[in-house]
Amino acid sequence: MKSDELADHLFTAVLGTFDVLAVHIGSTFGLYDLLAAQPRTSAEAAAAAGMAERYCREWLEQQTVAGLVEVDDPALPAHERRYTLPAEHVPVLCDRDSLSYFTPFARIVAAAAVQLPALLEAYRTGGGVGWHEYGAIMRTGQADANRPLYLHVLGSEWLPALPETHTALTAGGRVADIGCGDGWSSIGIALAYPDAEVDGFDLDPASIEAARANAAAHGIGDRVRFHHTDVAELATPDRYDLVTAFECVHDMPDPVGVLRAARTLAKPDGTVLVMDERVPETFSGPGDSVEQLMYGMSLLICLPDGMSHPGSVGTGTVMRPDTLRRYAREAGFAQVDVLDIEHDLFRLYRLLPSEG
């Protein structure tokens, strides 16, 4: 890349960074929902959002210049202009059930930026920044980013693509959801399969508390139970028709130990299903946008989280298929199949205890 091209690339990245952080500000104050409901002046928006008018006015103007918000008449005096969110932007900025919903990703970036001093120290020492240190903004951002996928695609498209699993869950089978976070994957499975029972496991107490509240809000707290525990340390584990690990194996300090536990949790005819990032098979230098995204997540979030545990293998977000295959083989699995399920960001693997 020539010097002027690099400068243009980085300048565009700076603009994007400002836009993303501004989206986080707007989402935090509920401004997008307010502007989607009706046009508002800066004073009206500020009063409804609980925000200082001068800051709200600057935010509205920035959002208009960036093309996210529309203004009725830019020639009017600043206090008289009315701003609105175009209908086509609502799925991206407001609709929490939309697969296009973006604002959680802005939350993730903002939470990572707050940790830059701690991240720099970790880079010097080889230590880490634990998941809990990123706070509720990061936790809810990650959970809300995947929520639409888990509630609307996981149970309706992905699991039915596994006939034996689909049959077992339809008949009232049992699921162990490892690394369940705020519980949306567990809840999505339970909603799709009304007779199934789901146990979610996670090491983060705040996530377990949120997961229990989310399950109760959906009226399925009797079928979805959440446990603050390490599955690798379960003394007498139950057996399950389906054992899942959604977008979490790359974060684990001891992925082999957890996958070994997953193999123990699964019934002899059960399924172990792993979802992780759809990165290329090999490192090849300049990469596509997905690989760039995953390296960014790894630098600022996943690798520091993994490295915060003593003895961590330090996988990072960019867990290539051969790395998972190695972990699975060391955990006692004989075969790893990549499922024929297309998604821009994720790849799904079925781990088998014997050659299929």
# chains A, B, ... in the order shown; residues from 1 in each chain; ligands from 1
>>> select_by_dssp(residues="segment 112-279 of chain A", states="strand (DSSP E or B)", output="PyMOL selection string")
chain A and resi 174-178+197-202+224-228+240-246+266-277
>>> residues_around(residues="Ala210 of chain A", least_positions_apart="3", cutoff="8 Å", atoms="only C-alpha atoms", output="list in words")
Asp182, Gly183, Ala206, Ser207, Ala213 and Asn214 of chain A
>>> residues_around(residues="Asn146 of chain A", least_positions_apart="3", cutoff="9 Å", atoms="only C-alpha atoms", output="CSV table (one decimal) with C-alpha atoms, in the first residue's frame")
chain,number,residue,atom,x,y,z
A,99,LEU,CA,-30.1,-9.3,12.4
A,104,PRO,CA,-24.1,-3.4,20.5
A,141,GLY,CA,-22.8,-5.5,24.1
A,142,GLN,CA,-21.5,-9.0,23.3
A,143,ALA,CA,-24.8,-10.5,24.4
A,149,LEU,CA,-29.0,-14.7,15.8
A,150,TYR,CA,-29.7,-16.9,18.8
A,151,LEU,CA,-33.4,-16.1,19.0
A,184,TRP,CA,-29.6,-15.9,24.8
A,185,SER,CA,-28.3,-19.1,23.1
>>> closest_residue(among="A:Val318, A:Ala48, A:Ala22, A:Leu10", to="Gly287 of chain A", atoms="only C-alpha atoms")
A:Val318
>>> atom_distance(atom1="atom CA of Val92 of chain A", atom2="atom CA of Ile301 of chain A")
23.3 Å
>>> closest_residue(among="A:His343, A:Arg174, A:His132, A:Arg326", to="Gly270 of chain A", atoms="only C-alpha atoms")
A:Arg174
>>> select_by_dssp(residues="segment 55-272 of chain A", states="alpha helix (DSSP H)", output="PyMOL selection string")
chain A and resi 55-65+90-93+103-114+116-125+135-149+163-170+184-192+205-217+255-265
>>> atom_distance(atom1="atom CA of Pro77 of chain A", atom2="atom CA of Ala52 of chain A")
18.4 Å
>>> residues_around(residues="Thr165 of chain A", least_positions_apart="2", cutoff="8 Å", atoms="only C-alpha atoms", output="PyMOL selection string")
chain A and resi 159-160+162-163+167-169+241-242+270-271
>>> residues_around(residues="Pro286 of chain A", least_positions_apart="6", cutoff="12 Å", atoms="only C-alpha atoms", output="list in words")
Met1, Pro280, Gln292 and Tyr295 of chain A
>>> atom_distance(atom1="atom CA of Gly200 of chain A", atom2="atom CA of Asp322 of chain A")
27.1 Å
>>> closest_residue(among="A:Val71, A:Val224, A:Ala78, A:Leu324", to="Glu58 of chain A", atoms="only C-alpha atoms")
A:Ala78
>>> closest_residue(among="A:Arg239, A:Asp204, A:Ser186, A:Cys94", to="Gly221 of chain A", atoms="only C-alpha atoms")
A:Ser186
>>> residues_around(residues="segment 190-197 of chain A", least_positions_apart="6", cutoff="9 Å", atoms="only C-alpha atoms", output="MDAnalysis selection string")
chainID A and resid 151:152 154:156 166 168:176 218 220 222:225
>>> write_last_selection(atoms="N, CA, C and O atoms", output="tab-separated table (two decimals), in the first residue's frame")
chain	number	residue	atom	x	y	z
A	151	LEU	N	-31.93	-15.99	18.89
A	151	LEU	CA	-33.38	-16.08	19.04
A	151	LEU	C	-34.10	-16.41	17.75
A	151	LEU	O	-35.19	-17.00	17.79
A	152	HIS	N	-33.52	-16.07	16.61
A	152	HIS	CA	-34.28	-16.18	15.37
A	152	HIS	C	-33.67	-17.11	14.31
A	152	HIS	O	-34.33	-17.43	13.34
A	154	LEU	N	-30.79	-19.68	15.26
A	154	LEU	CA	-30.24	-20.89	15.86
A	154	LEU	C	-31.24	-22.04	15.89
A	154	LEU	O	-30.96	-23.15	15.42
A	155	GLY	N	-32.42	-21.79	16.43
A	155	GLY	CA	-33.40	-22.86	16.57
A	155	GLY	C	-34.25	-23.11	15.35
A	155	GLY	O	-34.83	-24.20	15.20
A	156	SER	N	-34.32	-22.13	14.44
A	156	SER	CA	-35.19	-22.28	13.27
A	156	SER	C	-34.45	-22.79	12.04
A	156	SER	O	-35.05	-23.41	11.15
A	166	HIS	N	-32.21	-32.39	16.11
A	166	HIS	CA	-33.54	-31.79	15.99
A	166	HIS	C	-34.61	-32.75	16.53
A	166	HIS	O	-35.50	-32.34	17.28
A	168	ALA	N	-34.19	-35.23	18.69
A	168	ALA	CA	-34.03	-35.41	20.14
A	168	ALA	C	-34.59	-34.22	20.92
A	168	ALA	O	-35.27	-34.40	21.94
A	169	LEU	N	-34.31	-33.01	20.46
A	169	LEU	CA	-34.79	-31.84	21.18
A	169	LEU	C	-36.29	-31.67	21.04
A	169	LEU	O	-36.97	-31.24	21.98
A	170	THR	N	-36.84	-32.01	19.89
A	170	THR	CA	-38.28	-31.95	19.70
A	170	THR	C	-38.99	-32.89	20.66
A	170	THR	O	-40.09	-32.59	21.16
A	171	ALA	N	-38.36	-34.01	20.95
A	171	ALA	CA	-38.95	-35.02	21.84
A	171	ALA	C	-38.70	-34.70	23.32
A	171	ALA	O	-39.07	-35.50	24.19
A	172	GLY	N	-38.06	-33.55	23.61
A	172	GLY	CA	-37.82	-33.20	25.00
A	172	GLY	C	-36.42	-33.49	25.48
A	172	GLY	O	-36.21	-33.79	26.66
A	173	GLY	N	-35.44	-33.39	24.60
A	173	GLY	CA	-34.07	-33.67	24.96
A	173	GLY	C	-33.47	-32.61	25.87
A	173	GLY	O	-34.09	-31.60	26.19
A	174	ARG	N	-32.22	-32.86	26.26
A	174	ARG	CA	-31.52	-31.98	27.19
A	174	ARG	C	-30.30	-31.36	26.53
A	174	ARG	O	-29.62	-32.01	25.73
A	175	VAL	N	-30.02	-30.09	26.88
A	175	VAL	CA	-28.94	-29.33	26.28
A	175	VAL	C	-28.04	-28.76	27.38
A	175	VAL	O	-28.53	-28.24	28.39
A	176	ALA	N	-26.73	-28.86	27.19
A	176	ALA	CA	-25.75	-28.18	28.03
A	176	ALA	C	-25.10	-27.10	27.18
A	176	ALA	O	-24.47	-27.39	26.16
A	218	HIS	N	-38.81	-14.32	29.71
A	218	HIS	CA	-39.41	-15.06	28.59
A	218	HIS	C	-40.30	-16.20	29.08
A	218	HIS	O	-40.82	-16.98	28.25
A	220	ILE	N	-39.58	-18.94	30.75
A	220	ILE	CA	-39.05	-20.30	30.60
A	220	ILE	C	-38.04	-20.63	31.69
A	220	ILE	O	-37.19	-21.51	31.51
A	222	ASP	N	-38.40	-22.27	34.21
A	222	ASP	CA	-38.54	-23.63	34.73
A	222	ASP	C	-37.81	-24.65	33.85
A	222	ASP	O	-37.48	-25.75	34.33
A	223	ARG	N	-37.54	-24.29	32.60
A	223	ARG	CA	-36.88	-25.23	31.68
A	223	ARG	C	-35.43	-24.85	31.37
A	223	ARG	O	-34.69	-25.65	30.80
A	224	VAL	N	-35.05	-23.62	31.69
A	224	VAL	CA	-33.70	-23.15	31.42
A	224	VAL	C	-33.06	-22.75	32.74
A	224	VAL	O	-33.50	-21.80	33.39
A	225	ARG	N	-32.04	-23.46	33.12
A	225	ARG	CA	-31.36	-23.21	34.39
A	225	ARG	C	-29.92	-22.81	34.11
A	225	ARG	O	-29.27	-23.36	33.23
>>> residues_around(residues="Phe226 of chain A", least_positions_apart="5", cutoff="8 Å", atoms="only C-alpha atoms", output="ChimeraX atom specification")
/A:183,199-202,208,211-212
>>> closest_residue(among="A:Thr28, A:Ser308, A:Thr315, A:Thr41", to="Gly127 of chain A", atoms="only C-alpha atoms")
A:Ser308
>>> decode(residues="segment 145-157 of chain A", atoms="all heavy atoms", output="CSV table (one decimal), in the first residue's frame")
chain,number,residue,atom,x,y,z
A,145,ALA,N,-25.3,-8.3,20.7
A,145,ALA,CA,-24.9,-8.4,19.4
A,145,ALA,C,-25.3,-9.8,18.8
A,145,ALA,O,-25.7,-9.9,17.6
A,145,ALA,CB,-23.4,-8.3,19.3
A,146,ASN,N,-25.3,-10.8,19.6
A,146,ASN,CA,-25.6,-12.2,19.1
A,146,ASN,C,-27.1,-12.5,19.4
A,146,ASN,O,-27.6,-13.6,18.9
A,146,ASN,CB,-24.7,-13.2,19.8
A,146,ASN,CG,-23.3,-13.2,19.2
A,146,ASN,OD1,-23.1,-12.7,18.1
A,146,ASN,ND2,-22.4,-13.7,19.9
A,147,ARG,N,-27.8,-11.7,20.2
A,147,ARG,CA,-29.1,-12.1,20.6
A,147,ARG,C,-30.1,-12.4,19.4
A,147,ARG,O,-30.8,-13.4,19.4
A,147,ARG,CB,-29.7,-10.9,21.5
A,147,ARG,CG,-31.2,-11.1,21.9
A,147,ARG,CD,-31.6,-9.8,22.7
A,147,ARG,NE,-33.0,-9.9,23.1
A,147,ARG,CZ,-34.0,-9.5,22.4
A,147,ARG,NH1,-33.8,-9.0,21.2
A,147,ARG,NH2,-35.2,-9.6,22.8
A,148,PRO,N,-30.2,-11.5,18.4
A,148,PRO,CA,-31.1,-11.8,17.3
A,148,PRO,C,-30.7,-13.1,16.6
A,148,PRO,O,-31.6,-13.9,16.2
A,148,PRO,CB,-30.9,-10.6,16.3
A,148,PRO,CG,-30.3,-9.5,17.2
A,148,PRO,CD,-29.5,-10.2,18.2
A,149,LEU,N,-29.4,-13.4,16.4
A,149,LEU,CA,-29.0,-14.7,15.8
A,149,LEU,C,-29.5,-15.9,16.6
A,149,LEU,O,-30.0,-16.8,16.1
A,149,LEU,CB,-27.5,-14.7,15.7
A,149,LEU,CG,-26.9,-15.9,14.9
A,149,LEU,CD1,-27.2,-15.8,13.5
A,149,LEU,CD2,-25.4,-15.8,15.1
A,150,TYR,N,-29.3,-15.8,17.9
A,150,TYR,CA,-29.7,-16.9,18.8
A,150,TYR,C,-31.2,-17.1,18.9
A,150,TYR,O,-31.7,-18.2,18.9
A,150,TYR,CB,-29.1,-16.8,20.2
A,150,TYR,CG,-27.6,-16.8,20.2
A,150,TYR,CD1,-26.9,-16.1,21.2
A,150,TYR,CD2,-26.9,-17.6,19.3
A,150,TYR,CE1,-25.5,-16.2,21.2
A,150,TYR,CE2,-25.5,-17.7,19.4
A,150,TYR,CZ,-24.8,-17.0,20.4
A,150,TYR,OH,-23.5,-17.1,20.4
A,151,LEU,N,-31.9,-16.0,18.9
A,151,LEU,CA,-33.4,-16.1,19.0
A,151,LEU,C,-34.1,-16.4,17.8
A,151,LEU,O,-35.2,-17.0,17.8
A,151,LEU,CB,-33.9,-14.8,19.6
A,151,LEU,CG,-33.5,-14.4,21.0
A,151,LEU,CD1,-34.3,-13.1,21.5
A,151,LEU,CD2,-33.8,-15.5,22.0
A,152,HIS,N,-33.5,-16.1,16.6
A,152,HIS,CA,-34.3,-16.2,15.4
A,152,HIS,C,-33.7,-17.1,14.3
A,152,HIS,O,-34.3,-17.4,13.3
A,152,HIS,CB,-34.5,-14.8,14.8
A,152,HIS,CG,-35.2,-13.8,15.7
A,152,HIS,ND1,-36.4,-14.0,16.1
A,152,HIS,CD2,-34.7,-12.7,16.3
A,152,HIS,CE1,-36.8,-13.0,17.0
A,152,HIS,NE2,-35.7,-12.2,17.1
A,153,VAL,N,-32.4,-17.5,14.5
A,153,VAL,CA,-31.8,-18.4,13.5
A,153,VAL,C,-31.3,-19.7,14.1
A,153,VAL,O,-31.5,-20.7,13.4
A,153,VAL,CB,-30.6,-17.6,12.9
A,153,VAL,CG1,-29.9,-18.5,11.8
A,153,VAL,CG2,-31.0,-16.3,12.2
A,154,LEU,N,-30.8,-19.7,15.3
A,154,LEU,CA,-30.2,-20.9,15.9
A,154,LEU,C,-31.2,-22.0,15.9
A,154,LEU,O,-31.0,-23.1,15.4
A,154,LEU,CB,-29.8,-20.6,17.3
A,154,LEU,CG,-29.3,-21.8,18.1
A,154,LEU,CD1,-28.1,-22.5,17.4
A,154,LEU,CD2,-28.9,-21.3,19.5
A,155,GLY,N,-32.4,-21.8,16.4
A,155,GLY,CA,-33.4,-22.9,16.6
A,155,GLY,C,-34.3,-23.1,15.3
A,155,GLY,O,-34.8,-24.2,15.2
A,156,SER,N,-34.3,-22.1,14.4
A,156,SER,CA,-35.2,-22.3,13.3
A,156,SER,C,-34.4,-22.8,12.0
A,156,SER,O,-35.1,-23.4,11.2
A,156,SER,CB,-35.9,-20.9,12.9
A,156,SER,OG,-34.9,-20.0,12.6
A,157,GLU,N,-33.1,-22.5,12.0
A,157,GLU,CA,-32.4,-23.0,10.8
A,157,GLU,C,-31.2,-23.9,11.1
A,157,GLU,O,-31.0,-24.9,10.5
A,157,GLU,CB,-31.8,-21.7,10.0
A,157,GLU,CG,-32.9,-20.8,9.5
A,157,GLU,CD,-32.4,-19.6,8.8
A,157,GLU,OE1,-31.2,-19.6,8.4
A,157,GLU,OE2,-33.1,-18.6,8.7
